[in-house]
Amino acid sequence: MSETRVSSPVRHRLPWPYTASALVALFALYWSGKGFIGALMLAALLLLASFVPLRLPGNKILGWVLRVTMWVILITVSPERHAKGFAVLFEPDYVHLFGLLCGGEMVLRAWTRWPRGPSRGEALLLTALIITAASNTYERAHMQILVPIYALLTILCLRDFVATTHPVALRRPLVAFRVIVIVMTLVTGAASVWAVTRYEHKISSWATDLLRERKPRQTEIGFSTTSRLHAVFNPTASMRRALLIDGSRSARHIRAIAYETYQDRRWRPLLNERRFATPDPAQLWPPSAANASADVEHLYVTRLIETADLVCLPLDALAIHCPEPVELDAMGVLRSHDEGANQEYDLLVPRRPNQQGPLCSAMDEAQRQRALTVPLDIDARVIELARKVAGSGDAASRAVAIQSHLRSRHLYSLSYDPGDGEPINDFILNQRAAHCQYFASAMVVMARAAGVPARYVSGYYAHEPAGDGLVVRERDAHAWAECYIDGPGWVTFDPTPASGRPDQLFPKPSQWRSLWEWLQDVPRRVRAWIAQNGKRALLGIAIIGAILVVSVWTWRFLRLRRGRPREVLRGYALPSRELLTAAKRFDRLLRSRGAACATDRTWREHLRAMPQSAPIDRSQCLDFVNAYDAARFGGANGDTLWRINALLDQLEQRANG
């Protein structure tokens, strides 16, 4: 028998360029993903696999148990994910989470024993996905350093990207193909980087023009900190969730910001024009409110989107607790130092009406004058009408009369163009149909004209039940008025007709959307459960995972002790995965030459019955069968496995020659 190339022994460690490229990708993900230490822990585990010879058995059940456990841990402890746009799955936070899951898969595969060693192609694909996820960031400094290093390591990985099982005759074409791919990748990558760097702004403008709608732009119903009265035409209703309120379904008007000055079609002061001060903690959470447990309801609010930095809550909130520092202005507008989404805070609200909290501070004389000032652009006929409608009763009856007048004399519409004149004059005098901003503005102006201090408020109208509480969507953005009544203090007045409130205006969400949102909330519920149960929760998860792993290993050990076959080929048990791999290669070789072995015959019977004209060398095939039987029944060692692989290499080389 002629000399042949020795097949290299199975190595259960990835070559160093693959490990190094994965480490670079994980470091890039660490810097792009808010410094989440989980990426560094995955890198440490991957590096440790290069030095520790121990490996997990290649059992599918065990693999999936470990994989799902790893997913739960990464999703639970990873940074909060902020959904800012319509394509949530393309947001950086979600893309970085995907990169973490790919890193976990890389670590799991590195620590698993495979019959022919870890797959280099899968490892290279996973590292590419990780570096791609890390590239979804606005911070370019670290990527400009790490990406060239990753590209160099990828070239080193492709250098030996030829599996030892390929016939020798196919290796040279594969090497040539590999060189061509490397050259094309380098040229394409260099050209792309040069083009994007040089023409970045033009590319962005082109993409914006391509994605822009060709029809007239429609606005979207949603909360805004700039309350401007402008023309609107049938805005779209955003289904994106803004708030989750747990603990009660009675909350309705969830205020975010209040205004007291109207000028040039806009309510002021703007957010950057306000004076905020840090309140006394006892002012936000007074002991008296917490002790009156029978007269208050406890609400837990989760803010799911960015509302600038404003904390949304009812006007009559008696006590407020935010984990982040907060500031309060003179109109009861509360803002936190955390502008991100997924902010949580606790509230105590009264069960009885007309109870005041920290948002309802008494007015000084200057504030009262501003709350009574009628804008100069308001027509005298509007002032006369307001006084006529309000009558001569007390402040509360006057405000109620104006609210009833607006509800009964005006219709609700999501399309309205006030023209060039003053929009509030046009809305009131011509009894126009408009949306809630015009009703709220008219209520404030007419109440002031009737001598009732009033201010304009923007926020949400909560109405959609969700579990034991409410879910608030962007389409529930609403505007109303708050009037100051001597005695009760600030009171909410909503002049918008019932047909124009969000609970009457929009249909219920579909069941598919509700299911998807429930799945989105699973990580938040898990985090809340862990936060509530503390170390006991983490200990319970660790115990359950350990029990599952021990159970799988015990089941596998007992099966081996009883001698049950793990794999079956032609009716008998195979002692090792190495021999099974060789058997599958031999079967593929026979099929490729048109001499497939029937399932009711052994290889030896099949080869002896094969005619002389068969397109395969029977003597070499019998040599392989003899070597295989010797390894199967005499014990497989390094020499016998080498001989089997060498004979297969010869057969494959001749078949392809």
# chains A, B, ... in the order shown; residues from 1 in each chain; ligands from 1

call {"tool": "residues_around", "arguments": {"residues": "A:Ala655", "least_positions_apart": "3", "cutoff": "9 Å", "atoms": "only C-alpha atoms", "output": "ChimeraX atom specification"}}
result
/A:589,592-593,615-616,650-652

call {"tool": "write_last_selection", "arguments": {"atoms": "N, CA and C atoms", "output": "mmCIF file, in the first residue's frame"}}
result
data_model
loop_
_atom_site.group_PDB
_atom_site.id
_atom_site.type_symbol
_atom_site.label_atom_id
_atom_site.label_comp_id
_atom_site.auth_asym_id
_atom_site.auth_seq_id
_atom_site.Cartn_x
_atom_site.Cartn_y
_atom_site.Cartn_z
ATOM 1 N N LEU A 589 -19.507 7.994 -0.080
ATOM 2 C CA LEU A 589 -18.640 7.645 -1.202
ATOM 3 C C LEU A 589 -19.310 6.617 -2.108
ATOM 4 N N SER A 592 -22.077 8.302 -4.077
ATOM 5 C CA SER A 592 -21.567 9.191 -5.119
ATOM 6 C C SER A 592 -21.076 8.422 -6.345
ATOM 7 N N ARG A 593 -20.661 7.162 -6.185
ATOM 8 C CA ARG A 593 -20.186 6.340 -7.311
ATOM 9 C C ARG A 593 -21.284 5.466 -7.880
ATOM 10 N N PRO A 615 -17.978 0.920 -10.727
ATOM 11 C CA PRO A 615 -17.109 2.112 -10.820
ATOM 12 C C PRO A 615 -16.421 2.439 -9.504
ATOM 13 N N ILE A 616 -15.864 1.437 -8.861
ATOM 14 C CA ILE A 616 -15.174 1.670 -7.604
ATOM 15 C C ILE A 616 -14.217 0.517 -7.358
ATOM 16 N N GLN A 650 -7.706 7.992 0.438
ATOM 17 C CA GLN A 650 -7.306 7.367 -0.829
ATOM 18 C C GLN A 650 -8.521 7.098 -1.708
ATOM 19 N N LEU A 651 -9.584 6.538 -1.114
ATOM 20 C CA LEU A 651 -10.788 6.245 -1.899
ATOM 21 C C LEU A 651 -11.409 7.524 -2.471
ATOM 22 N N GLU A 652 -11.482 8.579 -1.675
ATOM 23 C CA GLU A 652 -12.068 9.828 -2.149
ATOM 24 C C GLU A 652 -11.197 10.478 -3.218
#

call {"tool": "residues_around", "arguments": {"residues": "A:Val52", "least_positions_apart": "3", "cutoff": "12 Å", "atoms": "only C-alpha atoms", "output": "list in words"}}
result
His12, Arg13, Leu45, Leu46, Leu47, Leu48, Ala49, Arg55, Leu56, Ala110, Trp111 and Thr112 of chain A

call {"tool": "write_last_selection", "arguments": {"atoms": "N, CA and C atoms", "output": "mmCIF file, in the first residue's frame"}}
result
data_model
loop_
_atom_site.group_PDB
_atom_site.id
_atom_site.type_symbol
_atom_site.label_atom_id
_atom_site.label_comp_id
_atom_site.auth_asym_id
_atom_site.auth_seq_id
_atom_site.Cartn_x
_atom_site.Cartn_y
_atom_site.Cartn_z
ATOM 1 N N HIS A 12 -9.905 19.608 20.013
ATOM 2 C CA HIS A 12 -11.122 20.171 20.579
ATOM 3 C C HIS A 12 -10.961 21.638 20.944
ATOM 4 N N ARG A 13 -9.871 22.240 20.518
ATOM 5 C CA ARG A 13 -9.678 23.683 20.708
ATOM 6 C C ARG A 13 -9.704 24.385 19.356
ATOM 7 N N LEU A 45 -14.626 33.364 29.430
ATOM 8 C CA LEU A 45 -14.961 31.940 29.281
ATOM 9 C C LEU A 45 -14.406 31.378 27.980
ATOM 10 N N LEU A 46 -14.470 32.172 26.914
ATOM 11 C CA LEU A 46 -13.934 31.709 25.635
ATOM 12 C C LEU A 46 -12.419 31.540 25.709
ATOM 13 N N LEU A 47 -11.741 32.470 26.351
ATOM 14 C CA LEU A 47 -10.291 32.361 26.494
ATOM 15 C C LEU A 47 -9.919 31.179 27.378
ATOM 16 N N LEU A 48 -10.702 30.927 28.409
ATOM 17 C CA LEU A 48 -10.424 29.808 29.306
ATOM 18 C C LEU A 48 -10.541 28.471 28.582
ATOM 19 N N ALA A 49 -11.448 28.388 27.594
ATOM 20 C CA ALA A 49 -11.613 27.144 26.843
ATOM 21 C C ALA A 49 -10.364 26.788 26.050
ATOM 22 N N ARG A 55 -14.233 19.167 28.391
ATOM 23 C CA ARG A 55 -15.307 19.580 27.492
ATOM 24 C C ARG A 55 -16.617 18.942 27.905
ATOM 25 N N LEU A 56 -17.731 19.634 27.587
ATOM 26 C CA LEU A 56 -19.056 19.078 27.818
ATOM 27 C C LEU A 56 -19.362 18.036 26.756
ATOM 28 N N ALA A 110 -17.557 26.366 22.030
ATOM 29 C CA ALA A 110 -16.141 26.183 22.354
ATOM 30 C C ALA A 110 -15.944 25.193 23.499
ATOM 31 N N TRP A 111 -16.932 25.088 24.391
ATOM 32 C CA TRP A 111 -16.814 24.199 25.540
ATOM 33 C C TRP A 111 -17.477 22.839 25.304
ATOM 34 N N THR A 112 -17.947 22.563 24.099
ATOM 35 C CA THR A 112 -18.607 21.293 23.788
ATOM 36 C C THR A 112 -17.663 20.405 22.991
#

call {"tool": "closest_residue", "arguments": {"among": "A:Thr132, A:Ser397, A:Ser227, A:Gln437", "to": "A:Ile485", "atoms": "only C-alpha atoms"}}
result
A:Ser397

call {"tool": "closest_atom_pairs", "arguments": {"of": "stretch 425-505 of chain A", "to": "stretch 399-408 of chain A", "cutoff": "10 Å", "atoms": "only C-alpha atoms", "output": "Markdown table"}}
result
| residue | atom | partner | partner_atom | distance |
| --- | --- | --- | --- | --- |
| A:Ile428 | CA | A:Leu406 | CA | 8.4 |
| A:Gln431 | CA | A:Leu406 | CA | 8.9 |
| A:Phe439 | CA | A:Leu406 | CA | 7.1 |
| A:Ala440 | CA | A:Gln403 | CA | 9.4 |
| A:Ala442 | CA | A:Leu406 | CA | 8.1 |
| A:Met443 | CA | A:Gln403 | CA | 6.6 |
| A:Val444 | CA | A:Ala399 | CA | 9.4 |
| A:Met446 | CA | A:Ile402 | CA | 7.1 |
| A:Ala447 | CA | A:Ala399 | CA | 6.1 |
| A:Arg448 | CA | A:Ala399 | CA | 9.5 |
| A:Ala450 | CA | A:Ala399 | CA | 8.4 |
| A:Gly451 | CA | A:Ala399 | CA | 9.5 |
| A:Val452 | CA | A:Ala399 | CA | 7.2 |
| A:Pro453 | CA | A:Ala399 | CA | 9.7 |
| A:Ala454 | CA | A:Ala399 | CA | 9.4 |
| A:Ala481 | CA | A:Gln403 | CA | 9.6 |
| A:Glu482 | CA | A:Ala399 | CA | 9.8 |
| A:Cys483 | CA | A:Ala399 | CA | 7.4 |
| A:Tyr484 | CA | A:Ala399 | CA | 9.5 |
| A:Ile485 | CA | A:Ala399 | CA | 9.1 |
| A:Val491 | CA | A:Ala399 | CA | 9.9 |
| A:Phe493 | CA | A:Gln403 | CA | 7.0 |
| A:Asp494 | CA | A:Gln403 | CA | 7.0 |
| A:Pro495 | CA | A:Gln403 | CA | 4.7 |
| A:Thr496 | CA | A:Arg407 | CA | 5.9 |
| A:Pro497 | CA | A:Arg407 | CA | 4.8 |
| A:Ala498 | CA | A:Arg407 | CA | 8.1 |
| A:Ser499 | CA | A:Arg407 | CA | 9.8 |
| A:Gly500 | CA | A:Arg407 | CA | 9.9 |

call {"tool": "write_last_selection", "arguments": {"atoms": "C-alpha atoms", "output": "mmCIF file, in the first residue's frame"}}
result
data_model
loop_
_atom_site.group_PDB
_atom_site.id
_atom_site.type_symbol
_atom_site.label_atom_id
_atom_site.label_comp_id
_atom_site.auth_asym_id
_atom_site.auth_seq_id
_atom_site.Cartn_x
_atom_site.Cartn_y
_atom_site.Cartn_z
ATOM 1 C CA ILE A 428 -64.561 79.559 19.243
ATOM 2 C CA GLN A 431 -67.770 76.841 16.140
ATOM 3 C CA PHE A 439 -60.643 72.508 23.091
ATOM 4 C CA ALA A 440 -58.100 72.795 25.923
ATOM 5 C CA ALA A 442 -60.374 77.503 24.327
ATOM 6 C CA MET A 443 -61.202 76.306 27.850
ATOM 7 C CA VAL A 444 -58.200 78.106 29.329
ATOM 8 C CA MET A 446 -62.591 81.427 28.228
ATOM 9 C CA ALA A 447 -62.059 80.506 31.899
ATOM 10 C CA ARG A 448 -59.579 83.365 32.285
ATOM 11 C CA ALA A 450 -64.605 84.656 33.130
ATOM 12 C CA GLY A 451 -62.211 85.322 36.034
ATOM 13 C CA VAL A 452 -61.168 81.727 36.754
ATOM 14 C CA PRO A 453 -57.387 81.058 36.890
ATOM 15 C CA ALA A 454 -56.542 78.341 34.376
ATOM 16 C CA ALA A 481 -57.244 72.411 31.265
ATOM 17 C CA GLU A 482 -56.667 72.836 34.992
ATOM 18 C CA CYS A 483 -58.624 75.553 36.794
ATOM 19 C CA TYR A 484 -57.887 76.893 40.255
ATOM 20 C CA ILE A 485 -60.902 76.731 42.537
ATOM 21 C CA VAL A 491 -59.009 70.821 39.376
ATOM 22 C CA PHE A 493 -61.476 70.160 33.359
ATOM 23 C CA ASP A 494 -61.641 68.307 30.051
ATOM 24 C CA PRO A 495 -63.811 70.168 27.481
ATOM 25 C CA THR A 496 -63.180 67.674 24.659
ATOM 26 C CA PRO A 497 -66.407 65.832 23.689
ATOM 27 C CA ALA A 498 -66.622 62.163 24.657
ATOM 28 C CA SER A 499 -66.454 61.195 20.982
ATOM 29 C CA GLY A 500 -62.999 62.781 20.777
#

call {"tool": "select_by_dssp", "arguments": {"residues": "stretch 454-625 of chain A", "states": "helix (DSSP H, G or I)", "output": "compact mmCIF listing (two decimals) with N, CA and C atoms, in the first residue's frame"}}
result
# COMPACT_ATOMS: atom_id res chain seq x y z
N GLU A 474 -49.09 55.93 22.71
CA GLU A 474 -48.83 57.26 22.17
C GLU A 474 -50.09 57.87 21.57
N ARG A 475 -50.97 57.05 21.03
CA ARG A 475 -52.21 57.57 20.47
C ARG A 475 -53.14 58.14 21.54
N ASP A 476 -52.85 57.84 22.82
CA ASP A 476 -53.66 58.36 23.92
C ASP A 476 -53.20 59.74 24.39
N ALA A 498 -66.91 63.58 24.40
CA ALA A 498 -66.62 62.16 24.66
C ALA A 498 -66.22 61.44 23.38
N SER A 499 -66.79 61.85 22.25
CA SER A 499 -66.45 61.19 20.98
C SER A 499 -65.02 61.45 20.55
N GLY A 500 -64.37 62.46 21.14
CA GLY A 500 -63.00 62.78 20.78
C GLY A 500 -61.97 62.28 21.77
N PRO A 502 -59.63 59.48 23.58
CA PRO A 502 -58.99 58.29 23.01
C PRO A 502 -59.76 56.99 23.23
N ASP A 503 -60.50 56.88 24.34
CA ASP A 503 -61.23 55.63 24.58
C ASP A 503 -62.37 55.44 23.60
N GLN A 504 -62.88 56.53 23.01
CA GLN A 504 -63.95 56.43 22.02
C GLN A 504 -63.44 56.56 20.59
N LEU A 505 -62.27 57.10 20.45
CA LEU A 505 -61.78 57.47 19.12
C LEU A 505 -61.11 56.31 18.39
N GLN A 511 -55.34 41.04 18.82
CA GLN A 511 -54.82 40.01 19.72
C GLN A 511 -53.36 39.70 19.43
N TRP A 512 -52.95 39.79 18.16
CA TRP A 512 -51.56 39.55 17.82
C TRP A 512 -50.65 40.60 18.47
N ARG A 513 -51.08 41.87 18.45
CA ARG A 513 -50.29 42.91 19.08
C ARG A 513 -50.23 42.70 20.59
N SER A 514 -51.34 42.32 21.17
CA SER A 514 -51.34 42.07 22.62
C SER A 514 -50.40 40.93 22.97
N LEU A 515 -50.39 39.88 22.14
CA LEU A 515 -49.48 38.76 22.41
C LEU A 515 -48.02 39.19 22.27
N TRP A 516 -47.71 39.97 21.24
CA TRP A 516 -46.34 40.43 21.04
C TRP A 516 -45.90 41.33 22.20
N GLU A 517 -46.78 42.20 22.66
CA GLU A 517 -46.43 43.06 23.78
C GLU A 517 -46.25 42.26 25.06
N TRP A 518 -47.03 41.20 25.23
CA TRP A 518 -46.85 40.34 26.40
C TRP A 518 -45.47 39.70 26.37
N LEU A 519 -45.05 39.25 25.20
CA LEU A 519 -43.72 38.65 25.09
C LEU A 519 -42.63 39.70 25.35
N GLN A 520 -42.85 40.93 24.90
CA GLN A 520 -41.88 41.99 25.16
C GLN A 520 -41.73 42.27 26.65
N ASP A 521 -42.79 42.06 27.41
CA ASP A 521 -42.77 42.36 28.84
C ASP A 521 -42.18 41.24 29.68
N VAL A 522 -41.91 40.09 29.08
CA VAL A 522 -41.39 38.97 29.88
C VAL A 522 -40.07 39.33 30.57
N PRO A 523 -39.06 39.89 29.86
CA PRO A 523 -37.83 40.27 30.58
C PRO A 523 -38.07 41.25 31.72
N ARG A 524 -38.98 42.21 31.50
CA ARG A 524 -39.27 43.17 32.57
C ARG A 524 -39.90 42.49 33.77
N ARG A 525 -40.80 41.52 33.52
CA ARG A 525 -41.40 40.80 34.64
C ARG A 525 -40.37 39.96 35.38
N VAL A 526 -39.45 39.35 34.61
CA VAL A 526 -38.41 38.54 35.26
C VAL A 526 -37.52 39.42 36.12
N ARG A 527 -37.13 40.59 35.58
CA ARG A 527 -36.30 41.50 36.37
C ARG A 527 -37.03 41.97 37.62
N ALA A 528 -38.33 42.26 37.49
CA ALA A 528 -39.10 42.69 38.65
C ALA A 528 -39.20 41.57 39.68
N TRP A 529 -39.37 40.35 39.19
CA TRP A 529 -39.46 39.21 40.12
C TRP A 529 -38.13 39.01 40.84
N ILE A 530 -37.03 39.14 40.11
CA ILE A 530 -35.71 39.00 40.74
C ILE A 530 -35.48 40.12 41.74
N ALA A 531 -35.87 41.36 41.36
CA ALA A 531 -35.69 42.48 42.28
C ALA A 531 -36.54 42.32 43.53
N GLN A 532 -37.72 41.73 43.37
CA GLN A 532 -38.60 41.55 44.51
C GLN A 532 -38.12 40.43 45.43
N ASN A 533 -37.58 39.37 44.85
CA ASN A 533 -37.18 38.22 45.65
C ASN A 533 -35.69 38.21 45.99
N LYS A 535 -31.80 37.69 46.38
CA LYS A 535 -30.87 36.59 46.21
C LYS A 535 -31.57 35.24 46.13
N ARG A 536 -32.73 35.13 46.74
CA ARG A 536 -33.45 33.86 46.67
C ARG A 536 -33.84 33.51 45.24
N ALA A 537 -34.19 34.53 44.44
CA ALA A 537 -34.55 34.27 43.05
C ALA A 537 -33.36 33.75 42.26
N LEU A 538 -32.21 34.42 42.40
CA LEU A 538 -31.02 33.96 41.68
C LEU A 538 -30.60 32.57 42.15
N LEU A 539 -30.70 32.32 43.46
CA LEU A 539 -30.36 31.00 43.97
C LEU A 539 -31.30 29.94 43.42
N GLY A 540 -32.59 30.29 43.30
CA GLY A 540 -33.55 29.32 42.74
C GLY A 540 -33.25 29.01 41.29
N ILE A 541 -32.91 30.03 40.49
CA ILE A 541 -32.56 29.79 39.10
C ILE A 541 -31.33 28.91 38.99
N ALA A 542 -30.31 29.18 39.83
CA ALA A 542 -29.10 28.37 39.80
C ALA A 542 -29.38 26.93 40.19
N ILE A 543 -30.24 26.72 41.20
CA ILE A 543 -30.56 25.35 41.64
C ILE A 543 -31.31 24.60 40.55
N ILE A 544 -32.28 25.27 39.91
CA ILE A 544 -33.04 24.61 38.84
C ILE A 544 -32.12 24.24 37.68
N GLY A 545 -31.22 25.17 37.29
CA GLY A 545 -30.28 24.86 36.22
C GLY A 545 -29.37 23.70 36.59
N ALA A 546 -28.88 23.69 37.85
CA ALA A 546 -28.00 22.59 38.27
C ALA A 546 -28.75 21.26 38.27
N ILE A 547 -30.01 21.27 38.71
CA ILE A 547 -30.80 20.03 38.71
C ILE A 547 -30.98 19.51 37.30
N LEU A 548 -31.27 20.41 36.35
CA LEU A 548 -31.45 19.96 34.96
C LEU A 548 -30.16 19.38 34.40
N VAL A 549 -29.03 20.05 34.65
CA VAL A 549 -27.76 19.55 34.13
C VAL A 549 -27.42 18.20 34.74
N VAL A 550 -27.55 18.06 36.06
CA VAL A 550 -27.25 16.79 36.72
C VAL A 550 -28.19 15.70 36.23
N SER A 551 -29.46 16.05 36.00
CA SER A 551 -30.41 15.05 35.52
C SER A 551 -30.03 14.54 34.14
N VAL A 552 -29.63 15.44 33.25
CA VAL A 552 -29.24 15.02 31.90
C VAL A 552 -28.00 14.15 31.95
N TRP A 553 -27.00 14.54 32.74
CA TRP A 553 -25.78 13.74 32.85
C TRP A 553 -26.06 12.36 33.46
N THR A 554 -26.94 12.33 34.48
CA THR A 554 -27.28 11.04 35.11
C THR A 554 -28.00 10.13 34.12
N TRP A 555 -28.94 10.70 33.39
CA TRP A 555 -29.68 9.91 32.40
C TRP A 555 -28.73 9.35 31.34
N ARG A 556 -27.80 10.19 30.89
CA ARG A 556 -26.84 9.73 29.89
C ARG A 556 -25.92 8.64 30.46
N PHE A 557 -25.48 8.78 31.71
CA PHE A 557 -24.60 7.80 32.33
C PHE A 557 -25.30 6.46 32.49
N LEU A 558 -26.57 6.49 32.92
CA LEU A 558 -27.30 5.24 33.11
C LEU A 558 -27.54 4.54 31.78
N ARG A 559 -27.78 5.28 30.73
CA ARG A 559 -27.97 4.65 29.42
C ARG A 559 -26.71 3.94 28.97
N LEU A 560 -25.55 4.57 29.19
CA LEU A 560 -24.29 3.93 28.80
C LEU A 560 -24.01 2.71 29.66
N ARG A 561 -24.33 2.77 30.94
CA ARG A 561 -24.08 1.63 31.81
C ARG A 561 -24.94 0.44 31.44
N ARG A 577 -18.22 8.06 18.21
CA ARG A 577 -18.66 8.98 17.16
C ARG A 577 -17.63 9.07 16.03
N GLU A 578 -16.35 8.82 16.33
CA GLU A 578 -15.33 8.85 15.28
C GLU A 578 -15.60 7.78 14.24
N LEU A 579 -15.94 6.56 14.70
CA LEU A 579 -16.26 5.48 13.75
C LEU A 579 -17.56 5.78 13.00
N LEU A 580 -18.53 6.38 13.68
CA LEU A 580 -19.78 6.73 12.99
C LEU A 580 -19.52 7.74 11.88
N THR A 581 -18.64 8.70 12.13
CA THR A 581 -18.30 9.69 11.10
C THR A 581 -17.64 9.01 9.91
N ALA A 582 -16.72 8.08 10.18
CA ALA A 582 -16.07 7.35 9.09
C ALA A 582 -17.08 6.53 8.29
N ALA A 583 -18.03 5.88 9.00
CA ALA A 583 -19.05 5.08 8.31
C ALA A 583 -19.90 5.94 7.39
N LYS A 584 -20.26 7.12 7.87
CA LYS A 584 -21.07 8.01 7.03
C LYS A 584 -20.29 8.48 5.81
N ARG A 585 -18.99 8.73 5.96
CA ARG A 585 -18.17 9.12 4.81
C ARG A 585 -18.13 8.00 3.77
N PHE A 586 -17.98 6.76 4.25
CA PHE A 586 -17.92 5.62 3.32
C PHE A 586 -19.25 5.43 2.60
N ASP A 587 -20.36 5.59 3.32
CA ASP A 587 -21.67 5.49 2.68
C ASP A 587 -21.85 6.58 1.62
N ARG A 588 -21.43 7.81 1.92
CA ARG A 588 -21.54 8.88 0.93
C ARG A 588 -20.68 8.58 -0.29
N LEU A 589 -19.51 7.99 -0.08
CA LEU A 589 -18.64 7.65 -1.20
C LEU A 589 -19.31 6.62 -2.11
N LEU A 590 -19.92 5.58 -1.52
CA LEU A 590 -20.60 4.57 -2.32
C LEU A 590 -21.75 5.19 -3.11
N ARG A 591 -22.52 6.05 -2.47
CA ARG A 591 -23.65 6.66 -3.18
C ARG A 591 -23.17 7.55 -4.32
N SER A 592 -22.08 8.30 -4.08
CA SER A 592 -21.57 9.19 -5.12
C SER A 592 -21.08 8.42 -6.34
N TRP A 603 -21.70 -4.24 4.47
CA TRP A 603 -20.78 -3.73 3.45
C TRP A 603 -20.04 -4.88 2.76
N ARG A 604 -19.60 -5.85 3.54
CA ARG A 604 -18.82 -6.95 2.96
C ARG A 604 -19.66 -7.74 1.96
N GLU A 605 -20.89 -8.04 2.31
CA GLU A 605 -21.78 -8.75 1.38
C GLU A 605 -22.02 -7.92 0.12
N HIS A 606 -22.20 -6.64 0.31
CA HIS A 606 -22.45 -5.76 -0.82
C HIS A 606 -21.25 -5.71 -1.77
N LEU A 607 -20.04 -5.61 -1.22
CA LEU A 607 -18.85 -5.52 -2.06
C LEU A 607 -18.58 -6.84 -2.78
N ARG A 608 -18.80 -7.98 -2.12
CA ARG A 608 -18.57 -9.27 -2.77
C ARG A 608 -19.56 -9.52 -3.91
N ARG A 618 -12.95 -2.36 -5.55
CA ARG A 618 -13.48 -3.22 -4.50
C ARG A 618 -12.42 -3.61 -3.49
N SER A 619 -11.19 -3.81 -3.96
CA SER A 619 -10.13 -4.25 -3.04
C SER A 619 -9.83 -3.18 -1.99
N GLN A 620 -9.77 -1.93 -2.42
CA GLN A 620 -9.53 -0.86 -1.44
C GLN A 620 -10.72 -0.70 -0.50
N CYS A 621 -11.93 -0.89 -1.04
CA CYS A 621 -13.11 -0.80 -0.18
C CYS A 621 -13.09 -1.91 0.87
N LEU A 622 -12.67 -3.13 0.46
CA LEU A 622 -12.58 -4.23 1.43
C LEU A 622 -11.50 -3.96 2.47
N ASP A 623 -10.40 -3.30 2.05
CA ASP A 623 -9.38 -2.92 3.03
C ASP A 623 -9.97 -1.99 4.09
N PHE A 624 -10.81 -1.03 3.64
CA PHE A 624 -11.44 -0.14 4.60
C PHE A 624 -12.38 -0.90 5.53
N VAL A 625 -13.19 -1.83 4.97
CA VAL A 625 -14.13 -2.60 5.79
C VAL A 625 -13.37 -3.43 6.82
